[in-house]
Amino acid sequence: MLEIFIKLLVMLLATNGAPVLLARVFQSHGAQPLDLGRQLYDGRPILGSSKTWRGLAAALVTSSVLSMLFGYGTWFGLIFGVLVMTGDLISSFIKRRIGLAPSDQCMGLDQLPESFIPSVYAVGALGVDWWWAVLLALAFMLLGILISRPLFWLNIRNRPY
């Protein structure tokens with residue numbers, strides 16, 4: 001069970017981190033926003049400029065490759081990655097509605113949807129007890145907070161938590 005937990009946690013961290021790392025390497029090259037720069041009736045972007053097609057592709061490739069390496073198969077990884085990104089996009093949509101800019105931080109909202117949604121899928125698909133999904137999401141949140149400052153020092157994050 002611990003091995004499954006660690007593999008899923010690594011998948012969560014890597015799938016979420018791949019778009020950020022790719023953005024640092026390529027900067028604005030190929031950074032077409034998913035929402036194509038459109039705004040809703042409130043005058044705010046749908047998702048924001050930091051949610052790009054390049055980042056989505058990086059996340060899906062990362063989750064698929066790791067899933068294959070961990071023995072879960074490509075389809076498991078692809079679905080997992082789609083769910084990670086779905087949670088991330090839900091967070092971004094909500095953050096834009098409450099007036100937060102791209103890359104502004106919001107404790108809990110930044111971590112829980114993108115970790116809990118794929119964790120529920122993973123524990124169901126792998127036949128693990130449901131409470132592992134809660135534990136994975138909380139572990140992801142804690143690790144995200146703990147590694148935030150070092151990532152800021154390394155110039156990977158714009159701001160630490």
# chains A, B, ... in the order shown; residues from 1 in each chain; ligands from 1
call {"tool": "residues_around", "arguments": {"residues": "segment 132-140 of chain A", "least_positions_apart": "2", "cutoff": "10 Å", "atoms": "only C-alpha atoms", "output": "mmCIF file with C-alpha atoms, in the first residue's frame"}}
result
data_model
loop_
_atom_site.group_PDB
_atom_site.id
_atom_site.type_symbol
_atom_site.label_atom_id
_atom_site.label_comp_id
_atom_site.auth_asym_id
_atom_site.auth_seq_id
_atom_site.Cartn_x
_atom_site.Cartn_y
_atom_site.Cartn_z
ATOM 1 C CA MET A 1 0.000 0.000 0.000
ATOM 2 C CA ILE A 4 1.044 2.749 -4.321
ATOM 3 C CA PHE A 5 0.711 5.857 -2.147
ATOM 4 C CA ILE A 6 4.229 7.050 -3.011
ATOM 5 C CA LEU A 8 0.489 8.297 -6.820
ATOM 6 C CA LEU A 9 1.983 11.166 -4.838
ATOM 7 C CA VAL A 10 4.918 11.344 -7.260
ATOM 8 C CA LEU A 12 0.494 14.201 -8.573
ATOM 9 C CA LEU A 13 3.605 16.271 -7.924
ATOM 10 C CA GLY A 108 -6.397 24.937 -0.260
ATOM 11 C CA GLN A 111 -3.975 22.207 -4.022
ATOM 12 C CA LEU A 112 -7.150 20.301 -3.214
ATOM 13 C CA PRO A 113 -9.120 20.145 -6.490
ATOM 14 C CA GLU A 114 -6.056 19.165 -8.524
ATOM 15 C CA SER A 115 -5.097 16.453 -6.058
ATOM 16 C CA PHE A 116 -8.372 15.116 -4.654
ATOM 17 C CA ILE A 117 -10.203 14.608 -7.971
ATOM 18 C CA PRO A 118 -7.483 12.403 -9.528
ATOM 19 C CA SER A 119 -6.912 10.664 -6.191
ATOM 20 C CA VAL A 120 -10.557 9.571 -6.050
ATOM 21 C CA TYR A 121 -10.191 8.120 -9.544
ATOM 22 C CA ALA A 122 -6.883 6.418 -8.698
ATOM 23 C CA VAL A 123 -8.057 4.710 -5.524
ATOM 24 C CA GLY A 124 -11.185 3.504 -7.310
ATOM 25 C CA VAL A 128 -7.573 1.054 -2.653
ATOM 26 C CA ASP A 129 -9.643 2.211 0.358
ATOM 27 C CA TRP A 130 -11.375 5.571 -0.232
ATOM 28 C CA LEU A 142 1.557 19.672 2.707
ATOM 29 C CA LEU A 143 4.410 18.860 0.320
ATOM 30 C CA GLY A 144 3.388 21.734 -1.928
ATOM 31 C CA ILE A 145 3.654 24.121 0.994
ATOM 32 C CA LEU A 146 6.965 22.650 2.183
#
call {"tool": "residues_around", "arguments": {"residues": "Ile79 of chain A", "least_positions_apart": "2", "cutoff": "9 Å", "atoms": "only C-alpha atoms", "output": "PDB file with N, CA and C atoms, in the first residue's frame"}}
result
ATOM      1  N   LEU A  60      -0.095  15.985 -19.342  1.00  0.00           N
ATOM      2  CA  LEU A  60      -0.619  14.706 -19.834  1.00  0.00           C
ATOM      3  C   LEU A  60       0.488  13.742 -20.228  1.00  0.00           C
ATOM      4  N   SER A  63       2.119  12.521 -16.841  1.00  0.00           N
ATOM      5  CA  SER A  63       1.313  11.530 -16.110  1.00  0.00           C
ATOM      6  C   SER A  63       1.252  10.203 -16.852  1.00  0.00           C
ATOM      7  N   SER A  64       1.183  10.240 -18.172  1.00  0.00           N
ATOM      8  CA  SER A  64       1.132   8.999 -18.953  1.00  0.00           C
ATOM      9  C   SER A  64       2.438   8.220 -18.868  1.00  0.00           C
ATOM     10  N   THR A  74      -0.742   3.328 -19.766  1.00  0.00           N
ATOM     11  CA  THR A  74      -0.841   4.668 -20.341  1.00  0.00           C
ATOM     12  C   THR A  74      -2.218   5.283 -20.132  1.00  0.00           C
ATOM     13  N   TRP A  75      -3.285   4.479 -20.288  1.00  0.00           N
ATOM     14  CA  TRP A  75      -4.635   5.024 -20.149  1.00  0.00           C
ATOM     15  C   TRP A  75      -4.903   5.509 -18.733  1.00  0.00           C
ATOM     16  N   PHE A  76      -4.453   4.758 -17.747  1.00  0.00           N
ATOM     17  CA  PHE A  76      -4.602   5.201 -16.356  1.00  0.00           C
ATOM     18  C   PHE A  76      -3.940   6.566 -16.188  1.00  0.00           C
ATOM     19  N   GLY A  77      -2.717   6.700 -16.697  1.00  0.00           N
ATOM     20  CA  GLY A  77      -1.976   7.956 -16.572  1.00  0.00           C
ATOM     21  C   GLY A  77      -2.622   9.101 -17.310  1.00  0.00           C
ATOM     22  N   GLY A  81      -3.983  12.334 -15.496  1.00  0.00           N
ATOM     23  CA  GLY A  81      -3.513  13.660 -15.881  1.00  0.00           C
ATOM     24  C   GLY A  81      -4.643  14.596 -16.262  1.00  0.00           C
ATOM     25  N   VAL A  82      -5.636  14.072 -16.984  1.00  0.00           N
ATOM     26  CA  VAL A  82      -6.800  14.890 -17.345  1.00  0.00           C
ATOM     27  C   VAL A  82      -7.513  15.360 -16.079  1.00  0.00           C
ATOM     28  N   LEU A  83      -7.632  14.482 -15.097  1.00  0.00           N
ATOM     29  CA  LEU A  83      -8.310  14.845 -13.853  1.00  0.00           C
ATOM     30  C   LEU A  83      -7.484  15.835 -13.025  1.00  0.00           C
ATOM     31  N   VAL A  84      -6.167  15.690 -13.032  1.00  0.00           N
ATOM     32  CA  VAL A  84      -5.311  16.672 -12.353  1.00  0.00           C
ATOM     33  C   VAL A  84      -5.528  18.048 -12.980  1.00  0.00           C
ATOM     34  N   PRO A 118      -8.177  13.569  -8.973  1.00  0.00           N
ATOM     35  CA  PRO A 118      -7.483  12.403  -9.528  1.00  0.00           C
ATOM     36  C   PRO A 118      -7.236  11.297  -8.498  1.00  0.00           C
ATOM     37  N   TYR A 121     -10.252   9.034  -8.389  1.00  0.00           N
ATOM     38  CA  TYR A 121     -10.191   8.120  -9.544  1.00  0.00           C
ATOM     39  C   TYR A 121      -9.167   7.006  -9.299  1.00  0.00           C
TER      40      TYR A 121
END
call {"tool": "select_by_dssp", "arguments": {"residues": "chain A", "states": "helix (DSSP H, G or I)", "output": "VMD selection string"}}
result
chain A and resid 2 to 26 53 to 69 74 to 97 112 to 126 131 to 153
call {"tool": "closest_residue", "arguments": {"among": "A:Ile90, A:Leu151, A:Leu21, A:Met68", "to": "Gly48 of chain A", "atoms": "only C-alpha atoms"}}
result
A:Ile90
call {"tool": "closest_atom_pairs", "arguments": {"of": "segment 38-119 of chain A", "to": "segment 24-33 of chain A", "cutoff": "9 Å", "atoms": "only C-alpha atoms", "output": "tab-separated table"}}
result
residue	atom	partner	partner_atom	distance
A:Leu47	CA	A:Pro33	CA	8.3
A:Gly48	CA	A:Pro33	CA	7.1
A:Ser49	CA	A:Pro33	CA	5.3
A:Ser50	CA	A:Pro33	CA	6.8
A:Lys51	CA	A:Pro33	CA	5.6
A:Thr52	CA	A:Pro33	CA	4.2
A:Trp53	CA	A:Gln32	CA	5.9
A:Arg54	CA	A:Ala31	CA	6.1
A:Gly55	CA	A:Ala31	CA	7.9
call {"tool": "residues_around", "arguments": {"residues": "Ala59 of chain A", "least_positions_apart": "3", "cutoff": "6 Å", "atoms": "only C-alpha atoms", "output": "list in words"}}
result
Thr15, Ala18, Leu56 and Thr62 of chain A
call {"tool": "write_last_selection", "arguments": {"atoms": "C-alpha atoms", "output": "mmCIF file, in the first residue's frame"}}
result
data_model
loop_
_atom_site.group_PDB
_atom_site.id
_atom_site.type_symbol
_atom_site.label_atom_id
_atom_site.label_comp_id
_atom_site.auth_asym_id
_atom_site.auth_seq_id
_atom_site.Cartn_x
_atom_site.Cartn_y
_atom_site.Cartn_z
ATOM 1 C CA THR A 15 1.937 16.175 -13.291
ATOM 2 C CA ALA A 18 5.621 19.729 -15.409
ATOM 3 C CA LEU A 56 -1.699 20.825 -20.574
ATOM 4 C CA THR A 62 4.204 13.390 -17.720
#
call {"tool": "closest_residue", "arguments": {"among": "A:Phe80, A:Phe70, A:Lys95, A:Gly17", "to": "Ala58 of chain A", "atoms": "only C-alpha atoms"}}
result
A:Gly17
call {"tool": "atom_distance", "arguments": {"atom1": "atom CA of Leu34 of chain A", "atom2": "atom CA of Phe93 of chain A"}}
result
11.7 Å
call {"tool": "atom_distance", "arguments": {"atom1": "atom CA of Asp110 of chain A", "atom2": "atom CA of Met141 of chain A"}}
result
8.5 Å
